[in-house]
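Shown next: my_file-v4.cif, containing mmCIF, C-alpha atoms.
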```
data_run
loop_
_atom_site.label_atom_id
_atom_site.label_comp_id
_atom_site.auth_asym_id
_atom_site.auth_seq_id
_atom_site.Cartn_x
_atom_site.Cartn_y
_atom_site.Cartn_z
CA ASP A 1 18.42 -18.51 -5.03
CA ALA A 2 19.87 -20.35 -2.02
CA LYS A 3 20.05 -18.44 1.23
CA THR A 4 23.42 -17.72 2.80
CA THR A 5 24.42 -17.26 6.43
CA GLN A 6 27.38 -15.17 7.50
CA PRO A 7 28.62 -13.93 10.87
CA PRO A 8 27.57 -10.29 11.36
CA SER A 9 31.07 -9.06 12.16
CA MET A 10 34.72 -10.08 12.36
CA ASP A 11 37.99 -8.44 13.30
CA CYS A 12 41.41 -8.97 11.80
CA ALA A 13 44.85 -7.58 12.49
CA GLU A 14 46.57 -5.78 9.65
CA GLY A 15 48.92 -8.09 7.76
CA ARG A 16 47.21 -11.23 8.94
CA ALA A 17 44.92 -13.46 6.92
CA ALA A 18 41.21 -12.75 7.14
CA ASN A 19 39.03 -15.85 6.83
CA LEU A 20 35.36 -15.08 6.23
CA PRO A 21 32.97 -18.04 6.42
CA CYS A 22 29.68 -18.52 4.65
CA ASN A 23 27.07 -21.25 4.94
CA HIS A 24 24.90 -22.09 1.94
CA SER A 25 23.53 -25.48 2.86
CA THR A 26 20.67 -25.36 0.34
CA ILE A 27 22.84 -24.57 -2.66
CA SER A 28 21.93 -26.45 -5.82
CA GLY A 29 24.23 -27.93 -8.40
CA ASN A 30 23.73 -25.10 -10.88
CA GLU A 31 24.50 -22.27 -8.47
CA TYR A 32 27.79 -20.45 -8.12
CA VAL A 33 29.16 -18.91 -4.94
CA TYR A 34 30.04 -15.23 -5.37
CA TRP A 35 31.75 -12.83 -3.00
CA TYR A 36 31.39 -9.07 -3.10
CA ARG A 37 32.44 -6.34 -0.75
CA GLN A 38 31.13 -2.87 -0.12
CA ILE A 39 33.41 -0.23 1.23
CA HIS A 40 31.61 2.61 2.96
CA SER A 41 29.72 4.91 0.58
CA GLN A 42 30.68 2.92 -2.50
CA GLY A 43 28.90 0.39 -4.71
CA PRO A 44 29.63 -3.32 -4.17
CA GLN A 45 32.83 -4.63 -5.71
CA TYR A 46 33.18 -8.12 -7.17
CA ILE A 47 35.90 -10.20 -5.49
CA ILE A 48 35.75 -13.79 -6.66
CA HIS A 49 33.40 -16.64 -7.52
CA GLY A 50 33.48 -20.42 -7.82
CA LEU A 51 31.37 -23.48 -8.47
CA LYS A 52 33.06 -26.38 -6.70
CA ASN A 53 36.81 -25.97 -7.06
CA ASN A 54 38.93 -23.65 -4.98
CA GLU A 55 39.70 -20.40 -6.74
CA THR A 56 42.38 -17.74 -6.36
CA ASN A 57 42.85 -14.34 -7.94
CA GLU A 58 44.81 -11.20 -7.18
CA MET A 59 42.39 -10.17 -4.47
CA ALA A 60 41.52 -13.33 -2.57
CA SER A 61 41.12 -17.09 -2.40
CA LEU A 62 37.86 -18.99 -2.23
CA ILE A 63 37.68 -22.36 -0.53
CA ILE A 64 34.50 -24.37 -1.16
CA THR A 65 33.85 -27.52 0.85
CA GLU A 66 33.44 -30.77 -1.01
CA ASP A 67 29.70 -30.91 -0.30
CA ARG A 68 29.43 -27.24 -1.39
CA LYS A 69 27.41 -26.35 1.67
CA SER A 70 29.89 -23.80 2.91
CA SER A 71 32.78 -21.69 1.74
CA THR A 72 35.50 -19.42 3.08
CA LEU A 73 36.84 -16.25 1.57
CA ILE A 74 40.49 -15.67 2.42
CA LEU A 75 42.22 -12.32 2.24
CA PRO A 76 45.82 -13.45 2.68
CA HIS A 77 47.31 -10.22 3.99
CA ALA A 78 44.57 -7.90 5.17
CA THR A 79 45.13 -4.15 5.05
CA LEU A 80 43.19 -1.28 6.57
CA ARG A 81 41.62 -0.69 3.15
CA ASP A 82 40.01 -4.13 3.32
CA THR A 83 37.66 -2.89 6.04
CA ALA A 84 34.23 -3.35 4.43
CA VAL A 85 31.02 -5.35 4.42
CA TYR A 86 31.58 -8.71 2.70
CA TYR A 87 28.67 -10.42 1.00
CA CYS A 88 28.47 -14.09 0.12
CA ILE A 89 25.89 -14.73 -2.61
CA VAL A 90 24.80 -17.81 -4.49
CA ARG A 91 23.61 -17.25 -8.02
CA LEU A 92 22.26 -19.35 -10.84
CA ARG A 93 24.42 -20.16 -13.78
CA ARG A 94 23.63 -18.49 -17.08
CA GLY A 95 20.36 -19.79 -18.48
CA GLY A 96 18.52 -20.20 -15.19
CA THR A 97 15.19 -18.45 -14.82
CA SER A 98 16.54 -16.22 -12.10
CA TYR A 99 19.76 -15.58 -13.96
CA GLY A 100 21.27 -12.22 -13.25
CA LYS A 101 19.57 -11.55 -9.96
CA LEU A 102 21.82 -11.11 -6.97
CA THR A 103 20.18 -11.60 -3.60
CA PHE A 104 22.21 -9.86 -0.90
CA GLY A 105 22.10 -10.97 2.71
CA GLN A 106 23.31 -8.84 5.59
CA GLY A 107 26.95 -9.74 5.03
CA THR A 108 29.91 -9.67 7.41
CA ILE A 109 31.38 -6.39 8.60
CA LEU A 110 35.13 -6.97 8.52
CA THR A 111 37.19 -4.51 10.53
CA VAL A 112 40.94 -4.58 9.97
CA HIS A 113 42.81 -2.90 12.79
CA PRO A 114 46.46 -1.81 13.05
CA SER B 1 34.98 -4.79 -16.82
CA ALA B 2 32.28 -2.25 -17.66
CA VAL B 3 32.46 1.26 -16.28
CA ILE B 4 29.23 2.76 -14.95
CA SER B 5 28.49 6.44 -14.55
CA GLN B 6 25.55 7.15 -12.29
CA LYS B 7 23.96 10.57 -11.83
CA PRO B 8 23.25 12.38 -9.61
CA SER B 9 25.59 11.14 -6.90
CA ARG B 10 23.34 12.61 -4.24
CA ASP B 11 20.25 14.76 -3.91
CA ILE B 12 17.94 16.20 -1.30
CA CYS B 13 14.33 16.30 -2.46
CA GLN B 14 11.03 17.53 -1.15
CA ARG B 15 8.34 14.99 -0.38
CA GLY B 16 5.81 14.57 -3.13
CA THR B 17 8.30 15.26 -5.90
CA SER B 18 10.05 12.83 -8.26
CA LEU B 19 13.71 12.20 -9.02
CA THR B 20 15.14 10.51 -12.09
CA ILE B 21 18.45 8.70 -11.72
CA GLN B 22 20.58 8.01 -14.77
CA CYS B 23 22.89 5.08 -15.38
CA GLN B 24 25.31 5.18 -18.32
CA VAL B 25 27.51 2.20 -19.22
CA ASP B 26 30.59 2.39 -21.42
CA SER B 27 29.68 -0.80 -23.30
CA GLN B 28 26.53 -2.48 -24.55
CA VAL B 29 24.86 -4.74 -22.03
CA THR B 30 21.73 -6.84 -22.22
CA MET B 31 20.48 -6.56 -18.68
CA MET B 32 20.70 -3.70 -16.23
CA PHE B 33 19.64 -3.95 -12.61
CA TRP B 34 18.42 -1.38 -10.12
CA TYR B 35 18.94 -1.83 -6.39
CA ARG B 36 17.92 0.06 -3.29
CA GLN B 37 19.96 0.18 -0.10
CA GLN B 38 18.09 1.63 2.84
CA PRO B 39 20.11 3.13 5.71
CA GLY B 40 22.09 0.46 7.53
CA GLN B 41 20.64 -2.29 5.37
CA SER B 42 21.78 -4.57 2.59
CA LEU B 43 20.92 -4.18 -1.08
CA THR B 44 17.48 -5.10 -2.40
CA LEU B 45 16.80 -5.63 -6.09
CA ILE B 46 14.09 -3.31 -7.41
CA ALA B 47 13.88 -4.43 -11.03
CA THR B 48 15.65 -5.81 -14.05
CA ALA B 49 15.68 -3.66 -17.18
CA ASN B 50 16.10 -5.18 -20.63
CA GLN B 51 16.32 -3.05 -23.73
CA GLY B 52 13.14 -3.10 -25.77
CA SER B 53 10.88 -4.62 -23.15
CA GLU B 54 9.11 -3.72 -19.93
CA ALA B 55 11.19 -3.89 -16.78
CA THR B 56 10.62 -6.84 -14.48
CA TYR B 57 9.88 -5.74 -10.93
CA GLU B 58 10.57 -7.66 -7.75
CA SER B 59 7.94 -8.26 -5.11
CA GLY B 60 7.16 -5.08 -3.24
CA PHE B 61 8.14 -2.74 -6.07
CA VAL B 62 5.70 -1.38 -8.66
CA ILE B 63 6.08 0.46 -11.91
CA ASP B 64 3.98 3.44 -10.82
CA LYS B 65 6.38 4.14 -7.98
CA PHE B 66 9.64 3.22 -9.74
CA PRO B 67 9.22 3.67 -13.51
CA ILE B 68 12.25 2.53 -15.48
CA SER B 69 13.34 3.37 -18.99
CA ARG B 70 15.83 1.42 -21.10
CA PRO B 71 16.06 3.20 -24.45
CA ASN B 72 19.26 1.50 -25.63
CA LEU B 73 21.92 -0.99 -24.60
CA THR B 74 24.07 1.51 -22.70
CA PHE B 75 21.60 3.61 -20.76
CA SER B 76 18.78 3.34 -18.23
CA THR B 77 16.89 5.59 -15.87
CA LEU B 78 15.06 4.91 -12.63
CA THR B 79 12.50 7.42 -11.38
CA VAL B 80 11.47 7.54 -7.74
CA SER B 81 7.97 9.03 -7.87
CA ASN B 82 5.90 10.89 -5.31
CA MET B 83 8.68 10.61 -2.79
CA SER B 84 8.29 10.27 0.95
CA PRO B 85 10.98 10.19 3.67
CA GLU B 86 10.81 6.36 3.55
CA ASP B 87 12.34 6.54 0.07
CA SER B 88 15.55 7.96 1.51
CA SER B 89 18.10 5.38 0.40
CA ILE B 90 21.04 4.74 -1.85
CA TYR B 91 19.97 3.65 -5.32
CA LEU B 92 22.45 1.67 -7.41
CA CYS B 93 22.51 0.34 -10.93
CA SER B 94 24.41 -2.75 -11.93
CA VAL B 95 25.35 -4.61 -15.08
CA GLU B 96 26.62 -8.06 -15.86
CA GLY B 97 30.34 -8.65 -16.23
CA ASP B 98 32.07 -8.79 -19.57
CA THR B 99 32.10 -12.56 -19.90
CA ALA B 100 29.79 -15.35 -18.88
CA ASN B 101 29.50 -15.88 -15.16
CA TYR B 102 31.80 -13.03 -14.25
CA GLY B 103 30.94 -10.68 -11.47
CA TYR B 104 28.59 -7.78 -11.78
CA THR B 105 29.72 -4.18 -11.83
CA PHE B 106 27.92 -1.59 -9.72
CA GLY B 107 27.65 2.13 -10.08
CA SER B 108 28.75 4.33 -7.21
CA GLY B 109 25.13 4.95 -6.25
CA THR B 110 22.76 7.87 -5.77
CA ARG B 111 22.28 8.92 -2.17
CA LEU B 112 18.72 10.26 -1.91
CA THR B 113 17.38 12.15 1.08
CA VAL B 114 13.70 13.07 1.12
CA VAL B 115 12.67 15.85 3.48
#
```
If you took the structure in this file and wrote it as structure tokens, what would it be?
Amino acid sequence: DAKTTQPPSMDCAEGRAANLPCNHSTISGNEYVYWYRQIHSQGPQYIIHGLKNNETNEMASLIITEDRKSSTLILPHATLRDTAVYYCIVRLRRGGTSYGKLTFGQGTILTVHP
Amino acid sequence: SAVISQKPSRDICQRGTSLTIQCQVDSQVTMMFWYRQQPGQSLTLIATANQGSEATYESGFVIDKFPISRPNLTFSTLTVSNMSPEDSSIYLCSVEGDTANYGYTFGSGTRLTVV
């Protein structure tokens, strides 16, 4: 699976948008970009994923650059409960030999402050 | 999405002993995954468990140390054998999402402390 690079930490004011970047310059055409977060003492929680188009759900938006070498997770109105470690992961589509495996990097510690 | 029940939630064990962690899913799943999260670190995949076949272990993890059972499509166990303080970690199980290419669901984890 392609390696990802994320800043180790970021701060955000409550109510503002949190924009978390991720570089995945070696991503291949059959790999998706996934975002998870892990709130302290809990298991990781799925947020969103995409292949090449921008995606939005009730939790966040995912912006993927046209060359697919980087992406940004956007939490439009961050709250204190969004304080967590955010992981950007690239993963093979179904059918790949490494299908199912998630390789976690160190992630970004997002701190939302009042 | 699937709901995972993982037991125990935490335990303190003596070195040299073994602990078996259980993972129960509320729906049938093909693949189940076991992860380890050492203190202050990210998650590392230990092995993939498919029903009816031997688990597939990642580099650095061996069956003698982390035997896995997968007796049916809703249940799996991970045993941490002959424990040492270095095994103190959070152990998590995970399953694939309900539909193709959806996110994975994780259990709440087992916090293991070896003394």
9 Å contact set for B:Thr105, only C-alpha atoms, chain neighbours under 5 positions out, as a PyMOL selection string = (chain A and resi 43-46) or (chain B and resi 1-4+93-97)
Using 10 Å as the limit and counting all atoms listed in the file, can you tabulate each residue of chain B that touches chain A, with its shortest atom-to-atom distance in Å and the two atoms involved, as a tab-separated table?
```
residue	atom	partner	partner_atom	distance
B:Met31	CA	A:Gly100	CA	7.9
B:Met32	CA	A:Gly100	CA	9.0
B:Phe33	CA	A:Lys101	CA	8.0
B:Tyr35	CA	A:Leu102	CA	9.7
B:Gly40	CA	A:Gln106	CA	9.6
B:Gln41	CA	A:Gln106	CA	7.1
B:Ser42	CA	A:Gln106	CA	5.4
B:Leu43	CA	A:Phe104	CA	5.8
B:Thr44	CA	A:Phe104	CA	6.9
B:Leu45	CA	A:Thr103	CA	7.3
B:Ala47	CA	A:Lys101	CA	9.2
B:Thr48	CA	A:Lys101	CA	8.1
B:Ile90	CA	A:Ser41	CA	9.0
B:Tyr91	CA	A:Gly43	CA	9.5
B:Leu92	CA	A:Gly43	CA	7.1
B:Cys93	CA	A:Gly43	CA	8.9
B:Ser94	CA	A:Gly43	CA	9.1
B:Val95	CA	A:Gly100	CA	8.8
B:Glu96	CA	A:Gly100	CA	7.3
B:Gly97	CA	A:Tyr46	CA	9.5
B:Ala100	CA	A:Arg94	CA	7.1
B:Asn101	CA	A:Arg94	CA	6.7
B:Tyr102	CA	A:His49	CA	7.8
B:Gly103	CA	A:Tyr46	CA	5.5
B:Tyr104	CA	A:Tyr46	CA	6.5
B:Thr105	CA	A:Gln45	CA	6.9
B:Phe106	CA	A:Gly43	CA	5.5
B:Gly107	CA	A:Gly43	CA	5.8
B:Ser108	CA	A:Gly43	CA	4.7
B:Gly109	CA	A:Gly43	CA	6.1
B:Thr110	CA	A:Gly43	CA	9.7
B:Arg111	CA	A:Ser41	CA	8.9
```
Apply the PyMOL selection byres ((chain B and resi 49) around 9) to the structure shown and report the selected residues as a ChimeraX atom specification.
-> /B:30-34,47-48,50-57,68-70,76
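Reported to one decimal place, the separation of atom CA of B:Thr74 from atom CA of A:Glu58 is 28.9 Å.
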Run the PyMOL selection byres ((chain B and resi 18) around 7) on the file and write out the hits as a ChimeraX atom specification.
-> /B:16-17,19-20,79-83
What is the distance, in Å and to one decimal place, between atom CA of A:Ile74 and atom CA of A:Thr26?
-> 22.2 Å
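Computed from the coordinates, the atom CA of B:Ser5 to atom CA of B:Gln22 distance equals 8.1 Å.
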Find the residue from B:Asn72, B:Ser88, B:Ser59, B:Gln6 that sits nearest to B:Arg36; use all atoms listed in the file when measuring.
-> B:Ser88
List, as a ChimeraX atom specification, every residue that the PyMOL selection byres ((chain A and resi 52) around 7) selects in the file provided.
-> /A:50-51,53-54,64,68
Could you pull stretch 18-114 of chain A out of the structure I just pasted and write it to a file containing C-alpha atoms, as a PDB file, in the first residue's frame?
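Dumped to result.pdb:
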```pdb
ATOM      1  CA  ALA A  18     -10.434  22.084  10.204  1.00  0.00           C
ATOM      2  CA  ASN A  19      -8.433  21.238   7.073  1.00  0.00           C
ATOM      3  CA  LEU A  20      -6.192  18.194   7.469  1.00  0.00           C
ATOM      4  CA  PRO A  21      -3.745  17.531   4.632  1.00  0.00           C
ATOM      5  CA  CYS A  22      -2.309  14.234   3.495  1.00  0.00           C
ATOM      6  CA  ASN A  23       0.331  13.445   0.896  1.00  0.00           C
ATOM      7  CA  HIS A  24       0.206  10.114  -0.932  1.00  0.00           C
ATOM      8  CA  SER A  25       2.438  10.753  -3.908  1.00  0.00           C
ATOM      9  CA  THR A  26       2.961   7.054  -4.710  1.00  0.00           C
ATOM     10  CA  ILE A  27      -0.723   6.166  -4.821  1.00  0.00           C
ATOM     11  CA  SER A  28      -1.699   3.838  -7.636  1.00  0.00           C
ATOM     12  CA  GLY A  29      -4.792   3.919  -9.763  1.00  0.00           C
ATOM     13  CA  ASN A  30      -6.512   1.098  -7.896  1.00  0.00           C
ATOM     14  CA  GLU A  31      -6.072   2.563  -4.416  1.00  0.00           C
ATOM     15  CA  TYR A  32      -8.645   4.497  -2.453  1.00  0.00           C
ATOM     16  CA  VAL A  33      -7.942   7.242   0.070  1.00  0.00           C
ATOM     17  CA  TYR A  34      -9.534   6.552   3.454  1.00  0.00           C
ATOM     18  CA  TRP A  35      -9.749   8.721   6.550  1.00  0.00           C
ATOM     19  CA  TYR A  36     -10.223   7.424  10.067  1.00  0.00           C
ATOM     20  CA  ARG A  37     -10.018   9.062  13.433  1.00  0.00           C
ATOM     21  CA  GLN A  38      -9.262   7.727  16.877  1.00  0.00           C
ATOM     22  CA  ILE A  39     -10.596   9.493  19.890  1.00  0.00           C
ATOM     23  CA  HIS A  40      -8.661   8.777  23.058  1.00  0.00           C
ATOM     24  CA  SER A  41      -9.171   5.252  24.416  1.00  0.00           C
ATOM     25  CA  GLN A  42     -11.487   4.231  21.589  1.00  0.00           C
ATOM     26  CA  GLY A  43     -11.092   2.168  18.422  1.00  0.00           C
ATOM     27  CA  PRO A  44     -10.627   4.006  15.112  1.00  0.00           C
ATOM     28  CA  GLN A  45     -13.764   5.373  13.498  1.00  0.00           C
ATOM     29  CA  TYR A  46     -14.332   5.485   9.748  1.00  0.00           C
ATOM     30  CA  ILE A  47     -14.924   9.010   8.411  1.00  0.00           C
ATOM     31  CA  ILE A  48     -14.906   9.031   4.631  1.00  0.00           C
ATOM     32  CA  HIS A  49     -13.172   7.625   1.571  1.00  0.00           C
ATOM     33  CA  GLY A  50     -12.738   8.456  -2.106  1.00  0.00           C
ATOM     34  CA  LEU A  51     -11.010   7.414  -5.292  1.00  0.00           C
ATOM     35  CA  LYS A  52     -10.629  10.537  -7.416  1.00  0.00           C
ATOM     36  CA  ASN A  53     -13.748  12.637  -7.000  1.00  0.00           C
ATOM     37  CA  ASN A  54     -14.440  14.890  -4.057  1.00  0.00           C
ATOM     38  CA  GLU A  55     -16.727  13.313  -1.501  1.00  0.00           C
ATOM     39  CA  THR A  56     -18.974  14.644   1.243  1.00  0.00           C
ATOM     40  CA  ASN A  57     -20.951  12.950   3.983  1.00  0.00           C
ATOM     41  CA  GLU A  58     -22.509  13.955   7.271  1.00  0.00           C
ATOM     42  CA  MET A  59     -19.158  14.005   9.016  1.00  0.00           C
ATOM     43  CA  ALA A  60     -16.727  15.595   6.584  1.00  0.00           C
ATOM     44  CA  SER A  61     -15.639  16.436   3.060  1.00  0.00           C
ATOM     45  CA  LEU A  62     -12.734  14.905   1.187  1.00  0.00           C
ATOM     46  CA  ILE A  63     -10.915  16.872  -1.480  1.00  0.00           C
ATOM     47  CA  ILE A  64      -8.552  14.856  -3.700  1.00  0.00           C
ATOM     48  CA  THR A  65      -6.222  16.672  -6.080  1.00  0.00           C
ATOM     49  CA  GLU A  66      -6.506  15.947  -9.757  1.00  0.00           C
ATOM     50  CA  ASP A  67      -3.222  14.020  -9.815  1.00  0.00           C
ATOM     51  CA  ARG A  68      -4.380  12.107  -6.699  1.00  0.00           C
ATOM     52  CA  LYS A  69      -1.077  12.701  -4.963  1.00  0.00           C
ATOM     53  CA  SER A  70      -2.613  14.539  -2.048  1.00  0.00           C
ATOM     54  CA  SER A  71      -5.912  15.063  -0.309  1.00  0.00           C
ATOM     55  CA  THR A  72      -7.508  17.207   2.373  1.00  0.00           C
ATOM     56  CA  LEU A  73     -10.057  16.192   4.952  1.00  0.00           C
ATOM     57  CA  ILE A  74     -12.354  19.045   5.907  1.00  0.00           C
ATOM     58  CA  LEU A  75     -14.383  19.177   9.097  1.00  0.00           C
ATOM     59  CA  PRO A  76     -16.602  22.156   8.306  1.00  0.00           C
ATOM     60  CA  HIS A  77     -17.474  23.221  11.841  1.00  0.00           C
ATOM     61  CA  ALA A  78     -15.083  21.639  14.301  1.00  0.00           C
ATOM     62  CA  THR A  79     -16.259  20.932  17.835  1.00  0.00           C
ATOM     63  CA  LEU A  80     -14.355  19.974  20.962  1.00  0.00           C
ATOM     64  CA  ARG A  81     -15.456  16.378  20.382  1.00  0.00           C
ATOM     65  CA  ASP A  82     -13.518  16.336  17.116  1.00  0.00           C
ATOM     66  CA  THR A  83     -10.248  16.374  19.061  1.00  0.00           C
ATOM     67  CA  ALA A  84      -8.620  13.103  17.977  1.00  0.00           C
ATOM     68  CA  VAL A  85      -5.846  11.504  15.954  1.00  0.00           C
ATOM     69  CA  TYR A  86      -6.757  11.544  12.251  1.00  0.00           C
ATOM     70  CA  TYR A  87      -5.330   8.876   9.980  1.00  0.00           C
ATOM     71  CA  CYS A  88      -5.077   9.087   6.213  1.00  0.00           C
ATOM     72  CA  ILE A  89      -4.761   5.629   4.641  1.00  0.00           C
ATOM     73  CA  VAL A  90      -4.578   4.393   1.082  1.00  0.00           C
ATOM     74  CA  ARG A  91      -6.025   0.982   0.448  1.00  0.00           C
ATOM     75  CA  LEU A  92      -6.421  -1.355  -2.486  1.00  0.00           C
ATOM     76  CA  ARG A  93      -9.770  -1.787  -4.096  1.00  0.00           C
ATOM     77  CA  ARG A  94     -11.568  -5.070  -3.595  1.00  0.00           C
ATOM     78  CA  GLY A  95      -9.763  -7.871  -5.396  1.00  0.00           C
ATOM     79  CA  GLY A  96      -6.225  -6.661  -4.811  1.00  0.00           C
ATOM     80  CA  THR A  97      -3.801  -9.054  -3.172  1.00  0.00           C
ATOM     81  CA  SER A  98      -3.492  -6.824  -0.140  1.00  0.00           C
ATOM     82  CA  TYR A  99      -7.206  -6.184   0.003  1.00  0.00           C
ATOM     83  CA  GLY A 100      -8.499  -5.577   3.468  1.00  0.00           C
ATOM     84  CA  LYS A 101      -5.255  -4.548   5.083  1.00  0.00           C
ATOM     85  CA  LEU A 102      -5.126  -1.070   6.533  1.00  0.00           C
ATOM     86  CA  THR A 103      -1.664   0.346   7.075  1.00  0.00           C
ATOM     87  CA  PHE A 104      -1.798   3.130   9.657  1.00  0.00           C
ATOM     88  CA  GLY A 105       0.783   5.896   9.740  1.00  0.00           C
ATOM     89  CA  GLN A 106       1.318   8.163  12.722  1.00  0.00           C
ATOM     90  CA  GLY A 107      -1.607  10.409  11.827  1.00  0.00           C
ATOM     91  CA  THR A 108      -2.329  14.017  12.766  1.00  0.00           C
ATOM     92  CA  ILE A 109      -3.276  14.962  16.302  1.00  0.00           C
ATOM     93  CA  LEU A 110      -6.036  17.531  15.879  1.00  0.00           C
ATOM     94  CA  THR A 111      -6.755  19.663  18.921  1.00  0.00           C
ATOM     95  CA  VAL A 112      -9.913  21.749  18.822  1.00  0.00           C
ATOM     96  CA  HIS A 113      -9.835  24.534  21.382  1.00  0.00           C
ATOM     97  CA  PRO A 114     -12.603  26.838  22.642  1.00  0.00           C
TER      98      PRO A 114
END
```
